[in-house]
Amino acid sequence: MPIIRLEGVDKVYRTADIETTALENVNLSIDKGEFVSIMGPSGCGKSTLLNIIGLLDTPTRGIVELTGRSMNGLSDKALSAFRNTNIGFVFQSFHLIPSLNVIDNVALPLGYRKGETSGERRKRVTEVLERLGLGHRMRHLPSQLSGGQCQRVAIARAIVGDPALILADEPTGNLDSHMGGEVMDLLHQLNREDGRTIVMVTHNEEQARQTDRIIRFFDGRQVE
Amino acid sequence: MNYIRQILYDLKQQPLVTWISLIGTALAIFLIMAVFMVNRVNVVEVSPESNRSRILYGSYMDIYFDNGSSGSGGLTYESAHEIYSNLKGIEILSFIETWNTTAEINVPGQQSIDIEVKGVDANFWKIYDFHFSQGVPFDSIAVDAGAHYAVITEDTAVRLFGKGENVVGREIQIDMVPYIITGVVNNANPLMPNSYARVYRPVKLKDSDPGWIAYLGELGTVMLRHDNVTRDDIAKEVQARYAAFNNRLQKEGMQAMYHGTPFDTETKSLAFGSNTTPDIQTPRRQRLITYILLLLLPAINLSSMTRSRMRHRVAEIGVRRAFGCRRSRIVWQLLCENFFITLAGGIVGLGLSMIFILFISNYFVNYTGDFFIDNFDQTVTTPTFEMLFNWDSFGFALLLCFILNLLSAGIPAWKAARINPARALNSRGK
Ligand SMILES: Nc1ncnc2c1ncn2[C@@H]1O[C@H](COP(=O)(O)OP(=O)(O)OP(=O)(O)O)[C@@H](O)[C@H]1O
Ligand SMILES: [Mg+2]
């Protein structure tokens, strides 16, 4: 059973006078445990696709199924809960909350679920941070970290809630090739060791080739 | 904890907007609290009027004649007795002079000064909780006998005898008539005009001088009601007394108008004449409108400040939404954060309003004291800290903070929470 299934998905952005078709009739199926790259020229709709898979945006038309359940028409409450337990996000510009230290940033997703004591949460956060080699940076603010460290904190935040699916939009886009390589190793590790499904947008052919499958987009349409 | 951290962060990142929010809130709360506390002086329960919630007044008589003329004023002992004695709901009834008189007072052989005098009976000292720093009040035997006893206030004692003197048993002259001091009280305040005077002496009851109409005089009544009856219950009783009273008056060609007595302290403060029915609804409505305007206008300004502070946090809101935070929780978080700013501003505003009231009351009382009544003593005429620092003020200020917070942050927070998360995440730096 595919963990992600899109059927006939369109996304049209309407502003006052222009209509932009960001996605057109996208049909897509990604299996559990796959590591998939999405490639294509700038503006072809890659981020739009990832946002729709991540339930951050709704398609203009078409069906979105995650873990076999239809996501169309769910309430804000249901969508939020689904994101919280099933999806981890990694962004190009890290998107750490500047006023919170590393621990609190990583703990963020755990704050939005019930049934865990703060002690249990803290233990989870510490474990994840140590696994990612950030044990000595827990009290730092994002502004006191390097770009590579920031992205590792962001990855820690993405996996702390143990989601089956990780969506990464150009995770190495703001990093030099050395730090980018480290982040890629980390993602492969999460895919291989934890069996997490990863969908990653990238402009880097070499990175893409190391993944299980490449999906190419052009002008809102899937071309490969 | 994180709320406070966020505010400190805001102060660092957007000092101008955050400080303006803080100061704006402080000013708004300051203005409303100043109005509130000025009004509060008429209601607040502090010594000697700690029993205000149970104290009632029947102070005036308003009589119409069949020939069309009319007269109004205080009561005589007879009319006061007929209408207010032995009411079922009343625990203590006191007869006093409705208006203070100014008398020339001196220690024998010394220069006299003009001082406000009130004639009161023995029950007066039971209804009002004066603190005696020396001696005791005069009792009902002394009042009935018309004894020349006096209770004076602390500041009067100092002015007549100097500081630190034991004055109980000493003689003063009131309009040339000798009186013996039985006690000294330390807390009369002109802001509480019903209990205020500088010298208290036994009121003349039986031979009190009837005015040009037999039922109009100088007297008034103060009552302490039982806990388990309402003012309205007593008002019904009084109204029935008026009906009986009028049955008799009719034969003499007169009618006494009933104006809704007995009054509570707030109503009494609004009774501008002895022949009118006080209207408490209009001032209350005006006050409410004042509060609403004083809240709404700053709220509109603060709202744009809040929006500006929230604009910097759109990306953060997107991140929180992505990781499972519901819209309602975003609204709640933003409201809570903003509440701490409002609260900080509120505390500053409340402090300002207290300082301001102490300052202006000093100024005004000094002014009238210098030019009109040269025996006013400013230290006693200012509102006491007790009158300003009480739970009512704090509670009201807190309530204002809640409302102001909702008004100024409610809509921005709601809007921020409704931004599409994908778009919010895309907004970085913009
Ligand atoms: N909120 C929006 N309103 C209007 N148009 C939008 C919006 N978001 C994206 N678009 C348009 O949709 C198209 C796809 O955008 P998208 O961000 O998905 O591209 P992308 O493939 O991620 O590009 P890049 O590689 O530069 O990140 C673009 O033409 C873009 O201008
Ligand atoms: Mg993109």
# chains A, B, ... in the order shown; residues from 1 in each chain; ligands from 1
>>> interface_residues(of="chain A", to="chain B", cutoff="10 Å", atoms="only C-alpha atoms", output="PyMOL selection string")
chain A and resi 47-48+50-52+54-58+76-89+91+93-100+104+108-113+157-158+161
>>> select_by_dssp(residues="chain A", states="alpha helix (DSSP H)", output="PyMOL selection string")
chain A and resi 46-53+76-86+102-107+118-131+147-160+177-194+205-209
>>> residues_near_ligand(ligand="ligand 1", cutoff="6 Å", atoms="only C-alpha atoms and all ligand atoms", output="list in words")
Tyr13, Thr20, Ala22, Pro41, Ser42, Gly43, Cys44, Gly45, Lys46, Ser47 and Thr48 of chain A; Arg423 of chain B
>>> closest_residue(among="A:Asn191, A:Ser143, A:Gln92, A:Asn105", to="ligand 2", atoms="only C-alpha atoms and all ligand atoms")
A:Gln92
>>> atom_distance(atom1="atom CA of A:Gly8", atom2="atom CA of A:Val64")
9.0 Å
>>> closest_residue(among="B:Pro193, B:Pro108, B:Gly217, B:Gly135", to="B:Ile172", atoms="only C-alpha atoms")
B:Pro108
>>> residues_around(residues="B:Ala271", least_positions_apart="4", cutoff="12 Å", atoms="only C-alpha atoms", output="ChimeraX atom specification")
/B:57-60,259-267,275-280
>>> write_last_selection(atoms="C-alpha atoms", output="mmCIF file, in the first residue's frame")
data_model
loop_
_atom_site.group_PDB
_atom_site.id
_atom_site.type_symbol
_atom_site.label_atom_id
_atom_site.label_comp_id
_atom_site.auth_asym_id
_atom_site.auth_seq_id
_atom_site.Cartn_x
_atom_site.Cartn_y
_atom_site.Cartn_z
ATOM 1 C CA TYR B 57 -29.730 57.497 54.577
ATOM 2 C CA GLY B 58 -33.041 59.237 55.044
ATOM 3 C CA SER B 59 -31.977 62.836 55.088
ATOM 4 C CA TYR B 60 -34.597 65.034 53.471
ATOM 5 C CA HIS B 259 -38.198 60.192 46.628
ATOM 6 C CA GLY B 260 -37.146 56.582 47.019
ATOM 7 C CA THR B 261 -35.451 56.714 50.418
ATOM 8 C CA PRO B 262 -33.549 55.280 52.140
ATOM 9 C CA PHE B 263 -30.559 55.962 49.881
ATOM 10 C CA ASP B 264 -27.345 54.004 49.828
ATOM 11 C CA THR B 265 -24.111 55.960 49.858
ATOM 12 C CA GLU B 266 -23.783 56.107 46.077
ATOM 13 C CA THR B 267 -27.351 57.346 45.616
ATOM 14 C CA ASN B 275 -36.615 67.740 46.683
ATOM 15 C CA THR B 276 -35.368 65.481 43.876
ATOM 16 C CA THR B 277 -35.200 61.786 43.228
ATOM 17 C CA PRO B 278 -31.547 60.955 42.496
ATOM 18 C CA ASP B 279 -30.848 59.324 39.167
ATOM 19 C CA ILE B 280 -28.120 56.736 39.427
#
>>> residues_around(residues="A:Val102", least_positions_apart="5", cutoff="6 Å", atoms="only C-alpha atoms", output="list in words")
Met138, Arg139 and His140 of chain A
>>> residues_around(residues="A:Val160", least_positions_apart="5", cutoff="8 Å", atoms="only C-alpha atoms", output="tab-separated table (two decimals) with C-alpha atoms, in the first residue's frame")
chain	number	residue	atom	x	y	z
A	106	VAL	CA	13.20	20.38	18.86
A	107	ALA	CA	10.48	19.80	21.45
A	109	PRO	CA	6.01	19.02	17.82
A	110	LEU	CA	5.72	17.20	21.16
A	124	ARG	CA	13.04	12.06	23.75
A	125	VAL	CA	14.47	15.43	22.76
A	128	VAL	CA	17.41	12.71	19.33
>>> residues_around(residues="B:Glu45", least_positions_apart="6", cutoff="10 Å", atoms="only C-alpha atoms", output="number ranges by chain")
B: 51-53, 386-387, 390
